[in-house]
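**Q** Handing you a structure now.
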Amino acid sequence: MRSAAADVACQTGRMTALDAVSIIRAKRDGGELSDEQIDWVVDGFTRGIVADEQMSALAMAILLRGMNRREIARWTAAMIGSGSRMNFTDLPRPTVDKHSTGGVGDKITLPLAPLVAACGAAVPQLSGRGLGHTGGTLDKLESIPGWQADITVPRMREILADPEIGAVICAAGADLAPADKRLYALRDVTGTVESIPLIASSIMSKKIAEGTAALVLDVKVGTGAFLKTLDEARELAAVMVELGRDAGVKTVALLTAMDTPLGRTAGNALEVAESVEVLAGGGPADVVELTLALAREMVAQAGLHVDPAEVLADGRAMDHWRTMIQAQGGDPDAPLPTARHTETVRAESAGVLTRLDAMGVGLAAWRLGAGRARQGEQVQAGAGVEMHAKPGDSVAIGQPLFTLHTDTPDAFAGALEALDGAVGIELTPESKPGELVLGRID
Ligand code: URA
């Protein structure tokens, strides 16, 4: 029976707010949400009945209290149901996609999507913008003059079916998991990113709705990842693989190290330049290694028998990069934007670099302007951190360790503070840099 207060609230139109509050309270107090509560709150949020501040409070309650597998599956289904699903089953080539849980310097999608397309698959990559201290693929690609993140579904189909292109990296359309789009933006600015249920449902709702037949997940673990321990990353990977399998998407996850940034750059245009180096046959060894490890998984999931290393080496991946960028209005030959101000950070002692903390570098890049502090803010294309030494490298006193790039020189102080203590230099290091791929879950 409804209380007198609820009756009054209903008559005055406050019923929905009271329902949202009761759901927030239930989760805040450690309760399990029913299927009806989950459906209602996700639907209400999508339609604007549940306010941003209410959803933010619920996201915080979920982060602190967690969700069981039933709740996560229902939440994911509700997020998918908030919009429409795409269907690419009629394409002449198998579809396969990859998604990373987010890391620092994680530019892998940029060389990977054209590489896998050049191997014969269709890659429908719906990507996001920066989240917290981690960069966003769309923010990176938008630093290429002319490149557009928004394209229509018919155009997406044309690109995927074109054997000269075959890969599209774009923003999810307004109708694809719209609840995730709004919640993702709220989480970014409310400290509610680092939650297994919220990360798993966010990623899998988009990936299931985008209609890919197969999916490879790159689950990051370490100081620069949202999840810091291997156990947490394994749990996230297992949840996502199960969500994929239940939705009929062939899903496999690699657990990969994120204690050190990937490559030698963190920042939008800086990372595009480094990705082009990889496509040209060079680039940092860790970026090449992870690109190939994920490409092999994707090619196998798509049922193709091609060696991605050969396709990268003979320039076919680069050809697909160029057509992919052009298909979305970008000029692959245009000079990339650069920041107006730079500052160099030098080594204060000599020895071997043993630690380069991904979180410190990610925060520095973010503070320099590569990420956003408020919803909808513009990022700086040229901002970021260039790393001149990686773990295992010898360094001399006074040798440059970082170049900081920004258009807003006031940002240097915050970036330097983030980098304070981010580097370890030892004269006689006891250990070597660890493995990049830490495990696989299928
Ligand atoms: N990527 C997403 O799409 N969502 C998250 O929550 C984290 C990373």
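Ordering of the structure tokens sets the chain letters (A, B, ...); residue numbers start at 1 within each chain; ligands are numbered from 1 in the order shown.
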Enumerate as a ChimeraX atom specification the residues within 10 Å of ligand 1, counting only C-alpha atoms and all ligand atoms.

**A** /A:99-103,126-132,134,136,180-181,183-185,187-188,192-207,219-220,225-226

**Q** Can I get the residues of segment 186-271 of chain A within 9 Å of segment 279-297 of chain A, each with the closest pair of atoms and their distance in Å to one decimal, using only C-alpha atoms, sorted chain first then ascending number, as a Markdown table?

**A**
| residue | atom | partner | partner_atom | distance |
| --- | --- | --- | --- | --- |
| A:Val216 | CA | A:Glu297 | CA | 6.8 |
| A:Leu217 | CA | A:Leu294 | CA | 8.5 |
| A:Asp218 | CA | A:Leu294 | CA | 7.9 |
| A:Val252 | CA | A:Glu297 | CA | 8.0 |
| A:Leu254 | CA | A:Leu294 | CA | 8.0 |
| A:Thr256 | CA | A:Leu290 | CA | 8.5 |
| A:Leu262 | CA | A:Val287 | CA | 6.2 |
| A:Gly263 | CA | A:Pro284 | CA | 5.4 |
| A:Arg264 | CA | A:Pro284 | CA | 7.0 |

**Q** Counting only C-alpha atoms, which residue out of A:Arg182, A:His388, A:His405, A:Arg85 sits closest to Ala365 of chain A?

**A**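 Comparing A:Arg182, A:His388, A:His405, A:Arg85 against Ala365 of chain A, the winner is A:His405.
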
**Q** Using only C-alpha atoms, find the one residue out of A:Thr265, A:Thr354, A:Gln378, A:Gln328 that sits nearest to Leu404 of chain A.

**A**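 Under the stated criterion, the closest residue is A:Thr265.
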
**Q** Using only C-alpha atoms, which residue out of A:Met60, A:Val50, A:Leu368, A:Ile441 lies closest to Asp29 of chain A?

**A** A:Met60

**Q** Can you tell me, as a PyMOL selection string, which residues in segment 41-279 of chain A count as strand (DSSP E or B) by DSSP?

**A** chain A and resi 95-100+122-127+131+134+167-171+214-221+250-257+265-267

**Q** Residues near Pro178 of chain A, anyone? I mean within 8 Å using only C-alpha atoms, not counting same-chain ones fewer than 3 positions away, as a list in words.

**A** Thr46, Met79, Ser82, Gly83, Ala174, Asp175, Lys181 and Arg182 of chain A

**Q** The selected residues should be written to file as a PDB file, in the first residue's frame (atoms: N, CA and C atoms).

**A**
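What landed in selection_17.pdb:
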ATOM      1  N   THR A  46      17.077   7.761 -18.715  1.00  0.00           N
ATOM      2  CA  THR A  46      17.150   7.999 -20.166  1.00  0.00           C
ATOM      3  C   THR A  46      16.124   9.045 -20.583  1.00  0.00           C
ATOM      4  N   MET A  79      20.434  -0.887 -20.106  1.00  0.00           N
ATOM      5  CA  MET A  79      21.204   0.127 -20.853  1.00  0.00           C
ATOM      6  C   MET A  79      21.092  -0.139 -22.356  1.00  0.00           C
ATOM      7  N   SER A  82      17.794   0.951 -23.603  1.00  0.00           N
ATOM      8  CA  SER A  82      17.513   2.395 -23.608  1.00  0.00           C
ATOM      9  C   SER A  82      17.602   2.950 -25.032  1.00  0.00           C
ATOM     10  N   GLY A  83      18.138   2.138 -25.965  1.00  0.00           N
ATOM     11  CA  GLY A  83      18.249   2.608 -27.345  1.00  0.00           C
ATOM     12  C   GLY A  83      17.988   1.466 -28.302  1.00  0.00           C
ATOM     13  N   ALA A 174      23.219   8.705 -31.234  1.00  0.00           N
ATOM     14  CA  ALA A 174      22.421   9.130 -30.088  1.00  0.00           C
ATOM     15  C   ALA A 174      21.527   7.999 -29.592  1.00  0.00           C
ATOM     16  N   ASP A 175      21.221   7.066 -30.472  1.00  0.00           N
ATOM     17  CA  ASP A 175      20.248   6.038 -30.109  1.00  0.00           C
ATOM     18  C   ASP A 175      20.917   4.729 -29.654  1.00  0.00           C
ATOM     19  N   LYS A 181      25.671   6.666 -22.454  1.00  0.00           N
ATOM     20  CA  LYS A 181      26.323   7.916 -22.854  1.00  0.00           C
ATOM     21  C   LYS A 181      26.203   8.965 -21.734  1.00  0.00           C
ATOM     22  N   ARG A 182      24.977   9.079 -21.188  1.00  0.00           N
ATOM     23  CA  ARG A 182      24.767  10.106 -20.152  1.00  0.00           C
ATOM     24  C   ARG A 182      25.442   9.714 -18.843  1.00  0.00           C
TER      25      ARG A 182
END
